[in-house]
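So this one's work.txt, compact mmCIF, C-alpha atoms:
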# COMPACT_ATOMS: atom_id res chain seq x y z
CA MET E 1 0.00 0.00 0.00
CA ARG E 2 3.00 2.33 -0.19
CA ASP E 3 2.23 4.50 -3.17
CA ARG E 4 -1.37 3.82 -3.87
CA PRO E 5 -3.09 7.10 -3.27
CA GLY E 6 -6.68 6.19 -2.72
CA GLY E 7 -6.30 3.06 -4.80
CA PHE E 8 -7.74 0.25 -2.77
CA SER E 9 -9.57 2.32 -0.16
CA LEU E 10 -11.47 4.28 -2.80
CA ARG E 11 -12.54 1.02 -4.34
CA LEU E 12 -13.66 -0.21 -0.92
CA VAL E 13 -15.84 2.85 -0.47
CA VAL E 14 -17.40 2.53 -3.92
CA GLY E 15 -17.71 -1.20 -3.33
CA ALA E 16 -19.41 -0.69 0.04
CA ILE E 17 -22.07 1.51 -1.54
CA GLY E 18 -22.61 -1.13 -4.19
CA VAL E 19 -22.79 -3.93 -1.62
CA VAL E 20 -25.36 -2.07 0.50
CA LEU E 21 -27.55 -1.38 -2.53
CA THR E 22 -27.16 -4.93 -3.84
CA VAL E 23 -27.91 -6.59 -0.50
CA GLY E 24 -30.90 -4.32 -0.01
CA GLY E 25 -32.19 -5.03 -3.49
CA PHE E 26 -31.59 -8.76 -3.19
CA VAL E 27 -33.35 -9.08 0.17
CA TRP E 28 -36.22 -6.89 -0.98
CA GLY E 29 -36.49 -8.86 -4.21
CA THR E 30 -36.32 -12.36 -2.79
CA THR E 31 -38.35 -12.04 0.43
CA GLY E 32 -41.52 -11.65 -1.59
CA LEU E 33 -40.89 -14.76 -3.66
CA HIS E 34 -43.14 -17.78 -3.47
CA PRO E 35 -41.77 -20.82 -1.59
CA PHE E 36 -39.31 -22.86 -3.63
CA GLY E 37 -40.99 -25.53 -5.70
CA SER E 38 -44.56 -24.26 -5.55
CA GLU E 39 -46.80 -23.53 -8.50
CA HIS E 40 -47.13 -19.84 -9.24
CA SER E 41 -46.47 -18.77 -12.83
CA ARG E 42 -49.64 -19.01 -14.90
CA TYR E 43 -47.92 -17.70 -18.01
CA GLY E 44 -45.13 -20.26 -17.76
CA PHE E 45 -47.43 -23.20 -17.18
CA TYR E 46 -49.92 -22.13 -19.81
CA THR E 47 -47.07 -21.94 -22.32
CA ALA E 48 -45.68 -25.31 -21.27
CA HIS E 49 -48.99 -27.11 -21.55
CA HIS E 50 -50.08 -25.53 -24.83
CA ALA E 51 -46.84 -25.38 -26.83
CA VAL E 52 -47.41 -28.85 -28.29
CA ALA E 53 -51.01 -28.20 -29.32
CA GLN E 54 -50.37 -24.68 -30.62
CA ARG E 55 -46.95 -25.03 -32.22
CA HIS E 56 -46.36 -28.79 -32.52
CA ALA E 57 -43.02 -28.32 -30.73
CA THR E 58 -42.31 -30.75 -27.91
CA ASN E 59 -39.53 -28.64 -26.36
CA SER E 60 -41.45 -25.78 -24.83
CA VAL E 61 -38.28 -23.91 -23.86
CA VAL E 62 -37.35 -23.61 -27.53
CA ALA E 63 -40.96 -22.77 -28.34
CA VAL E 64 -40.65 -19.84 -25.92
CA ALA E 65 -37.22 -18.71 -27.08
CA PHE E 66 -37.76 -19.07 -30.82
CA ASP E 67 -41.49 -18.53 -31.26
CA TYR E 68 -43.50 -16.96 -28.44
CA ARG E 69 -40.63 -14.66 -27.39
CA ALA E 70 -38.63 -14.73 -30.62
CA PHE E 71 -38.46 -10.96 -30.57
CA ASP E 72 -36.39 -11.11 -27.36
CA THR E 73 -34.11 -13.68 -28.96
CA LEU E 74 -33.61 -11.32 -31.89
CA GLY E 75 -32.36 -8.68 -29.46
CA GLU E 76 -30.14 -11.21 -27.72
CA GLU E 77 -28.73 -12.29 -31.05
CA PHE E 78 -27.90 -8.73 -31.99
CA ILE E 79 -26.18 -8.26 -28.62
CA LEU E 80 -23.99 -11.23 -29.50
CA PHE E 81 -23.36 -9.90 -32.99
CA ILE E 82 -22.45 -6.41 -31.82
CA SER E 83 -20.17 -7.64 -29.06
CA VAL E 84 -18.26 -9.77 -31.57
CA VAL E 85 -17.91 -6.71 -33.78
CA GLY E 86 -16.62 -4.90 -30.69
CA VAL E 87 -14.04 -7.59 -29.94
CA VAL E 88 -12.85 -7.59 -33.54
CA VAL E 89 -12.59 -3.80 -33.65
CA LEU E 90 -10.74 -3.71 -30.34
CA LEU E 91 -8.22 -6.35 -31.32
CA ARG E 92 -7.78 -5.75 -35.02
CA SER E 93 -6.74 -2.15 -34.62
CA LEU E 94 -3.39 -3.49 -33.50
CA HIS E 95 -2.66 -5.58 -36.51
CA ASP E 96 -0.81 -2.82 -38.32
CA GLU E 97 1.57 -2.34 -35.44
CA GLU E 98 3.59 -5.41 -36.22
CA GLU E 99 4.30 -7.38 -39.33
CA GLU E 100 2.76 -10.78 -39.45
CA PRO E 101 5.52 -13.29 -38.77
CA GLU E 102 6.00 -16.38 -40.87
CA GLU E 103 3.90 -19.38 -39.96
CA GLU E 104 6.86 -21.50 -38.95
CA LYS E 105 8.18 -18.96 -36.49
CA LEU E 106 4.82 -18.80 -34.79
CA ILE E 107 4.93 -22.31 -33.49
CA PRO E 108 7.99 -22.95 -31.39
CA GLU E 109 8.86 -26.59 -30.81
CA GLN E 110 7.89 -26.67 -27.17
CA ARG E 111 4.38 -25.49 -28.01
CA ARG E 112 3.70 -28.35 -30.39
CA ALA E 113 1.23 -30.88 -29.11
CA SER E 114 2.23 -34.52 -28.72
CA ASP E 115 1.15 -37.04 -31.35
CA ALA E 116 -1.48 -38.49 -29.01
CA GLU E 117 -3.02 -35.06 -28.49
CA ARG E 118 -3.02 -34.35 -32.18
CA TRP E 119 -4.66 -37.66 -33.09
CA LEU E 120 -7.28 -37.38 -30.39
CA GLY E 121 -8.02 -33.74 -31.17
CA THR E 122 -8.35 -34.41 -34.88
CA ALA E 123 -10.37 -37.59 -34.37
CA LEU E 124 -12.91 -35.79 -32.17
CA VAL E 125 -13.60 -32.98 -34.65
CA GLY E 126 -15.97 -35.02 -36.83
CA PRO E 127 -18.09 -36.63 -34.10
CA ILE E 128 -18.47 -33.33 -32.27
CA ALA E 129 -19.50 -31.50 -35.42
CA ILE E 130 -22.15 -34.17 -36.01
CA LEU E 131 -23.33 -33.83 -32.41
CA ALA E 132 -23.62 -30.07 -33.00
CA ALA E 133 -25.73 -30.60 -36.10
CA TYR E 134 -27.96 -33.00 -34.16
CA ILE E 135 -28.41 -30.58 -31.26
CA VAL E 136 -29.27 -27.70 -33.61
CA THR E 137 -31.73 -29.58 -35.80
CA HIS E 138 -33.55 -31.32 -32.93
CA GLY E 139 -33.97 -28.12 -30.91
CA GLN E 140 -37.76 -28.07 -31.13
CA LEU E 141 -38.01 -31.74 -30.10
CA THR E 142 -35.53 -32.46 -27.32
CA PRO E 143 -33.19 -30.37 -25.15
CA GLY E 144 -30.91 -28.29 -27.33
CA GLY E 145 -31.32 -25.61 -29.94
CA GLY E 146 -29.35 -23.12 -31.92
CA PHE E 147 -27.40 -21.55 -29.10
CA GLN E 148 -26.22 -24.79 -27.55
CA GLY E 149 -25.51 -26.43 -30.90
CA GLY E 150 -23.63 -23.39 -32.14
CA ILE E 151 -21.32 -23.49 -29.14
CA ILE E 152 -20.73 -27.22 -29.68
CA LEU E 153 -19.91 -26.57 -33.33
CA MET E 154 -17.35 -24.01 -32.22
CA ALA E 155 -15.97 -26.60 -29.78
CA ALA E 156 -15.39 -28.97 -32.70
CA ILE E 157 -13.07 -26.39 -34.21
CA ALA E 158 -11.52 -25.69 -30.82
CA PHE E 159 -10.43 -29.34 -30.82
CA ILE E 160 -8.25 -28.54 -33.82
CA PHE E 161 -6.60 -25.98 -31.61
CA LEU E 162 -6.23 -28.43 -28.73
CA GLY E 163 -4.74 -30.89 -31.15
CA GLY E 164 -1.99 -28.40 -31.74
CA GLU E 165 -2.82 -27.70 -35.35
CA TRP E 166 -2.23 -24.03 -34.94
CA VAL E 167 -1.27 -23.61 -38.56
CA ILE E 168 -4.79 -24.60 -39.56
CA LEU E 169 -6.22 -22.09 -37.14
CA LEU E 170 -3.96 -19.40 -38.52
CA ARG E 171 -5.17 -20.13 -42.02
CA LEU E 172 -8.69 -20.00 -40.67
CA ARG E 173 -7.85 -16.69 -39.12
CA ARG E 174 -6.61 -15.34 -42.44
CA ALA E 175 -9.64 -16.63 -44.27
CA THR E 176 -12.11 -15.18 -41.81
CA SER E 177 -14.50 -14.05 -44.49
CA TRP E 178 -16.53 -17.25 -44.36
CA VAL E 179 -16.68 -17.16 -40.58
CA GLU E 180 -17.91 -13.59 -40.80
CA MET E 181 -20.44 -14.63 -43.42
CA MET E 182 -21.64 -17.38 -41.06
CA ASP E 183 -22.03 -14.89 -38.24
CA ALA E 184 -23.72 -12.17 -40.28
CA GLY E 185 -25.75 -14.61 -42.35
CA GLY E 186 -27.13 -16.31 -39.26
CA ALA E 187 -28.07 -13.03 -37.63
CA ALA E 188 -29.67 -11.74 -40.82
CA GLY E 189 -31.41 -15.06 -41.42
CA PHE E 190 -33.12 -14.95 -38.04
CA ALA E 191 -34.29 -11.39 -38.67
CA MET E 192 -35.52 -12.45 -42.13
CA ILE E 193 -37.63 -15.18 -40.52
CA GLY E 194 -39.24 -12.43 -38.46
CA PHE E 195 -39.91 -10.41 -41.59
CA GLY E 196 -41.31 -13.56 -43.18
CA GLY E 197 -44.02 -13.53 -40.52
CA LEU E 198 -44.58 -9.85 -41.16
CA ILE E 199 -45.02 -10.37 -44.90
CA ALA E 200 -47.14 -13.52 -44.61
CA THR E 201 -49.51 -12.44 -41.86
CA GLY E 202 -48.74 -8.87 -40.86
CA ALA E 203 -47.21 -9.76 -37.48
CA PHE E 204 -43.45 -9.76 -36.90
CA PHE E 205 -42.24 -13.28 -35.96
CA TYR E 206 -45.65 -14.80 -36.53
CA ASN E 207 -45.03 -18.49 -37.11
CA PHE E 208 -46.04 -18.55 -40.75
CA LEU E 209 -44.76 -21.98 -41.81
CA PRO E 210 -46.81 -25.19 -41.56
CA PHE E 211 -46.40 -26.74 -38.13
CA GLY E 212 -45.90 -30.31 -39.32
CA THR E 213 -46.34 -33.39 -37.13
CA SER E 214 -45.33 -33.09 -33.49
CA GLY E 215 -42.15 -35.02 -32.86
CA SER E 216 -40.92 -34.99 -36.44
CA LEU E 217 -37.78 -33.20 -37.57
CA LEU E 218 -39.64 -30.50 -39.48
CA SER E 219 -42.21 -29.62 -36.84
CA GLY E 220 -42.82 -26.33 -35.08
CA GLY E 221 -43.14 -24.09 -38.15
CA PHE E 222 -40.11 -21.89 -38.56
CA MET E 223 -38.41 -23.14 -35.38
CA PRO E 224 -36.00 -25.54 -37.17
CA LEU E 225 -35.01 -22.75 -39.56
CA ALA E 226 -34.57 -20.30 -36.71
CA ASN E 227 -32.44 -22.80 -34.83
CA VAL E 228 -30.19 -23.32 -37.83
CA ALA E 229 -29.83 -19.56 -38.31
CA VAL E 230 -29.00 -18.99 -34.65
CA GLY E 231 -26.66 -22.00 -34.61
CA LEU E 232 -24.69 -20.59 -37.53
CA GLU E 233 -24.54 -17.17 -35.96
CA VAL E 234 -23.40 -18.45 -32.56
CA ALA E 235 -20.77 -20.73 -34.08
CA GLY E 236 -19.50 -17.94 -36.32
CA ALA E 237 -19.49 -15.38 -33.52
CA THR E 238 -17.70 -17.55 -30.97
CA LEU E 239 -15.28 -18.75 -33.61
CA MET E 240 -14.39 -15.17 -34.44
CA VAL E 241 -13.79 -14.35 -30.79
CA VAL E 242 -11.71 -17.48 -30.24
CA SER E 243 -9.65 -16.94 -33.36
CA GLU E 244 -9.04 -13.30 -32.44
CA LEU E 245 -7.88 -14.30 -28.97
CA VAL E 246 -5.73 -17.17 -30.27
CA ASP E 247 -4.31 -14.81 -32.82
CA GLN E 248 -3.28 -12.40 -30.08
CA ARG E 249 -1.61 -15.21 -28.21
CA LEU E 250 0.23 -16.51 -31.27
CA LEU E 251 1.31 -13.36 -32.98
CA ARG E 252 2.35 -11.56 -29.85
CA PRO E 253 3.65 -14.19 -27.44
CA PRO E 254 4.39 -12.89 -23.93
CA ARG E 255 7.91 -11.59 -23.47
CA MET I 256 -35.34 -26.02 2.87
CA SER I 257 -37.56 -23.85 0.73
CA VAL I 258 -35.11 -20.97 0.84
CA PHE I 259 -31.97 -22.99 0.22
CA PRO I 260 -31.67 -22.25 -3.56
CA TYR I 261 -32.12 -18.55 -2.87
CA LEU I 262 -29.36 -18.73 -0.29
CA VAL I 263 -27.08 -20.37 -2.84
CA ALA I 264 -27.84 -17.52 -5.25
CA ALA I 265 -27.10 -14.99 -2.51
CA TRP I 266 -23.82 -16.74 -1.69
CA LEU I 267 -22.68 -16.77 -5.33
CA LEU I 268 -23.64 -13.11 -5.67
CA GLY I 269 -21.76 -12.29 -2.49
CA ILE I 270 -18.47 -14.02 -3.23
CA GLY I 271 -18.58 -12.85 -6.84
CA LEU I 272 -19.12 -9.26 -5.76
CA TRP I 273 -16.38 -9.48 -3.15
CA GLY I 274 -14.02 -10.86 -5.75
CA VAL I 275 -14.82 -8.01 -8.12
CA ILE I 276 -14.23 -5.42 -5.39
CA SER I 277 -11.02 -6.88 -4.02
CA SER I 278 -9.46 -8.06 -7.28
CA ARG I 279 -6.07 -6.77 -8.36
CA ASN I 280 -5.99 -8.55 -11.65
CA TYR I 281 -8.43 -7.92 -14.46
CA LEU I 282 -8.46 -11.57 -15.54
CA HIS I 283 -9.33 -12.60 -12.00
CA LEU I 284 -11.96 -9.87 -11.93
CA ILE I 285 -13.62 -11.26 -15.05
CA MET I 286 -13.71 -14.73 -13.50
CA CYS I 287 -15.34 -13.24 -10.40
CA LEU I 288 -17.88 -11.55 -12.62
CA THR I 289 -18.81 -14.91 -14.16
CA VAL I 290 -19.30 -16.35 -10.66
CA LEU I 291 -21.51 -13.37 -9.84
CA GLN I 292 -23.53 -13.95 -12.97
CA GLY I 293 -23.84 -17.62 -12.02
CA SER I 294 -26.04 -16.49 -9.16
CA THR I 295 -28.60 -15.16 -11.64
CA TYR I 296 -28.88 -18.57 -13.28
CA VAL I 297 -29.46 -20.26 -9.93
CA LEU I 298 -32.03 -17.64 -8.97
CA LEU I 299 -33.91 -17.81 -12.27
CA LEU I 300 -34.01 -21.60 -12.36
CA SER I 301 -35.11 -21.86 -8.74
CA VAL I 302 -37.89 -19.33 -9.36
CA GLY I 303 -39.18 -21.57 -12.13
CA TYR I 304 -38.75 -24.85 -10.27
CA LEU I 305 -41.74 -26.94 -9.35
CA SER I 306 -41.35 -29.82 -6.93
CA HIS I 307 -41.89 -33.34 -8.30
CA ALA I 308 -42.10 -31.95 -11.83
CA LYS I 309 -40.39 -32.92 -15.03
CA ALA I 310 -38.52 -30.83 -17.59
CA PRO I 311 -40.93 -28.95 -19.89
CA ILE I 312 -40.10 -31.17 -22.84
CA PHE I 313 -42.97 -33.28 -24.08
CA ALA I 314 -41.09 -35.65 -26.34
CA ASP I 315 -41.82 -38.58 -24.01
CA ILE I 316 -44.33 -37.27 -21.45
CA THR I 317 -47.94 -36.20 -21.92
CA THR I 318 -48.86 -32.53 -22.20
CA LYS I 319 -50.80 -32.84 -18.93
CA SER I 320 -47.66 -33.70 -16.96
CA ARG I 321 -46.50 -31.50 -14.14
CA VAL I 322 -43.53 -29.56 -15.54
CA THR I 323 -41.25 -26.72 -14.52
CA ASP I 324 -41.64 -23.19 -15.90
CA PRO I 325 -40.17 -22.91 -19.43
CA ILE I 326 -40.21 -19.10 -19.47
CA VAL I 327 -37.45 -18.67 -16.90
CA GLN I 328 -35.44 -21.41 -18.56
CA ALA I 329 -35.55 -19.50 -21.84
CA LEU I 330 -34.58 -16.38 -19.87
CA THR I 331 -31.61 -18.23 -18.39
CA LEU I 332 -30.52 -19.10 -21.92
CA THR I 333 -30.56 -15.39 -22.77
CA ASP I 334 -28.62 -14.69 -19.59
CA VAL I 335 -25.90 -17.18 -20.49
CA VAL I 336 -25.49 -15.70 -23.95
CA VAL I 337 -25.27 -12.17 -22.59
CA GLU I 338 -22.66 -13.27 -20.08
CA ALA I 339 -20.57 -14.88 -22.81
CA THR I 340 -20.65 -11.68 -24.87
CA ILE I 341 -19.68 -9.55 -21.89
CA VAL I 342 -16.76 -11.83 -21.04
CA ALA I 343 -15.54 -11.73 -24.65
CA MET I 344 -15.63 -7.92 -24.69
CA LEU I 345 -13.89 -7.65 -21.33
CA LEU I 346 -11.14 -10.08 -22.35
CA ALA I 347 -10.48 -7.99 -25.46
CA LEU I 348 -10.27 -4.88 -23.27
CA VAL I 349 -7.83 -6.63 -20.93
CA ILE I 350 -5.58 -7.53 -23.86
CA GLN I 351 -5.61 -3.90 -24.96
CA ALA I 352 -4.94 -2.65 -21.44
CA ASN I 353 -2.02 -5.03 -21.12
CA LYS I 354 -0.60 -3.77 -24.40
CA ARG I 355 -0.88 -0.16 -23.42
CA TYR I 356 0.20 -0.32 -19.79
CA GLY I 357 2.07 -3.60 -19.60
CA SER I 358 0.00 -4.61 -16.61
CA ILE I 359 -3.46 -5.88 -15.79
CA ASP I 360 -3.44 -4.64 -12.21
CA PRO I 361 -5.92 -1.76 -11.97
CA ASP I 362 -3.84 0.10 -9.37
CA GLU I 363 -0.66 -0.33 -11.36
CA MET I 364 -2.40 1.01 -14.43
CA ARG I 365 -3.67 4.04 -12.58
CA ARG I 366 -0.14 4.84 -11.47
CA MET I 367 1.15 4.63 -15.00
CA ARG I 368 -1.55 6.90 -16.31
CA ASP I 369 -0.67 9.61 -13.80

When written as structure tokens, how does the structure in this file appear?
Amino acid sequence: MRDRPGGFSLRLVVGAIGVVLTVGGFVWGTTGLHPFGSEHSRYGFYTAHHAVAQRHATNSVVAVAFDYRAFDTLGEEFILFISVVGVVVLLRSLHDEEEEPEEEKLIPEQRRASDAERWLGTALVGPIAILAAYIVTHGQLTPGGGFQGGIILMAAIAFIFLGGEWVILLRLRRATSWVEMMDAGGAAGFAMIGFGGLIATGAFFYNFLPFGTSGSLLSGGFMPLANVAVGLEVAGATLMVVSELVDQRLLRPPR
Amino acid sequence: MSVFPYLVAAWLLGIGLWGVISSRNYLHLIMCLTVLQGSTYVLLLSVGYLSHAKAPIFADITTKSRVTDPIVQALTLTDVVVEATIVAMLLALVIQANKRYGSIDPDEMRRMRD
């Protein structure tokens, strides 16, 4: 604490004000809650019990996120999109500062993964990508959906990184246009689905497609499409963030 | 036991907040923030919980079954996504701060700015 004028103590004061307000708000907010585990939310239970009859979607959480409250999900998706743009803008502004080193110099020997890691990492890419596709396309039927599947799809590519194939990631990084297209295309696609409802029936995000048979792959109207759009956007967005961060680590290793 | 989940949420909120206040490393601070945000998931899911109920997914149960509240579960999904975006932004800011000041200690950075 020698030369920290007001450093930690100022933070304690600001923190104390925050703690008092937070504790007050938390106690005030939770004391009025119903007892844990009791029935209380008519909206929630109405939605749960009618999602199958109204939308032919057996996963009522996805029915809420992608149909009844799809407008909220649109906002959430744009938050994701804008924050990725923010990350890219923050990190890319530095790229002119240094010349891009050659690929070989980027990967010192000690950072190379062992053969076992490389085999395992590469072998897991395919199965995990298939799992991602399954989770995305079955969102309206069983637990899953675009957000979860998109993250899993990104994880498939992260396994390339774990496998030590940094050269591949670097090439990916240099050919980011398709990742950006995935991100932007997914975000735009979800908005387009909303406009589809607007054009077909006059209500934004009205489920304008045929509902199909409950339990089949193409049930729930536009929900499968919306899940695919969101899955692409999430995978593209997280992939961009990961590749930007990996890029920082590779191109500017700590001194 | 009916308040136990709310106590867990309060505990996560408390230690997360304390970590944010007392942290001297921005990476550590971001981790504390994720713990803090974890409390919102616990709170939301416990608000929507219904005892002796199943998940609100009717692939293999009848639509008359007693199920938990899907609305708060969808909200939790939103919450998770928002947290991920915030963490990504903050990590990018930390990288920039480290480049500019050579440190990710908030006090150290303040001294360098002066």

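Counting all atoms listed in the file and comparing E:Leu21, E:Val61, E:Ala16, E:Ile152, the residue that lies closest to chain I is E:Val61.
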
**Q.** Exercise answer, chain I residues close to chain E, 9 Å and only C-alpha atoms, as a count of residues only
**A.** 60

Q: State, in Å with one decimal place, the distance from atom CA of Gly146 of chain E to atom CA of Thr201 of chain E.
A: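 Taking atom CA of Gly146 of chain E and atom CA of Thr201 of chain E, their separation equals 24.9 Å.
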
Q: Find the residue from I:Ile316, I:Met364, I:Leu291, I:Ile285 that sits nearest to Trp266 of chain I; use only C-alpha atoms when measuring.
A: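 Of all the options, I:Leu291 lies closest to Trp266 of chain I.
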
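The closest residue to Asn353 of chain I, picked from I:Leu300, I:Gly271, I:Met367, I:Ala310 and counting all atoms listed in the file, is I:Met367.
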
Q: One decimal, Å: what's the distance from atom CA of Ala155 of chain E over to atom CA of Ala123 of chain E, could you say?
A: 13.2 Å

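Our summary of the geometry notes that atom CA of His138 of chain E is positioned 23.3 Å from atom CA of Phe78 of chain E.
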
Q: Rank nothing, just name the residue among E:Met240, E:His56, E:Trp119, E:Asp67 nearest to Ser219 of chain E, using all atoms listed in the file.
A: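 Residue with the minimum atom-to-atom distance to Ser219 of chain E: E:His56.
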
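If you count all atoms listed in the file and ignore residues fewer than 3 places along the chain from segment 175-187 of chain E, what sits within 9 Å of it is Leu74, Glu77, Phe78, Phe81, Leu170, Arg171, Leu172, Phe190, Ala191, Met192, Ala226, Val228, Ala229, Val230, Gly231, Leu232, Glu233, Val234, Ala235, Gly236, Ala237, Thr238, Leu239, Met240 and Ser243 of chain E.
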
**Q.** Contacts of Ala156 of chain E at 7 Å (only C-alpha atoms; same-chain gap of 3+ positions) as an NGL selection string
**A.** :E and (125 or 128-129 or 152-153 or 159)

Q: Would you mind listing what lies within 9 Å of Gln292 of chain I as an NGL selection string, with all atoms listed in the file counted and same-chain residues fewer than 3 positions away left out?
A: :I and (267-268 or 271 or 287-289 or 295-296 or 334-335 or 338)
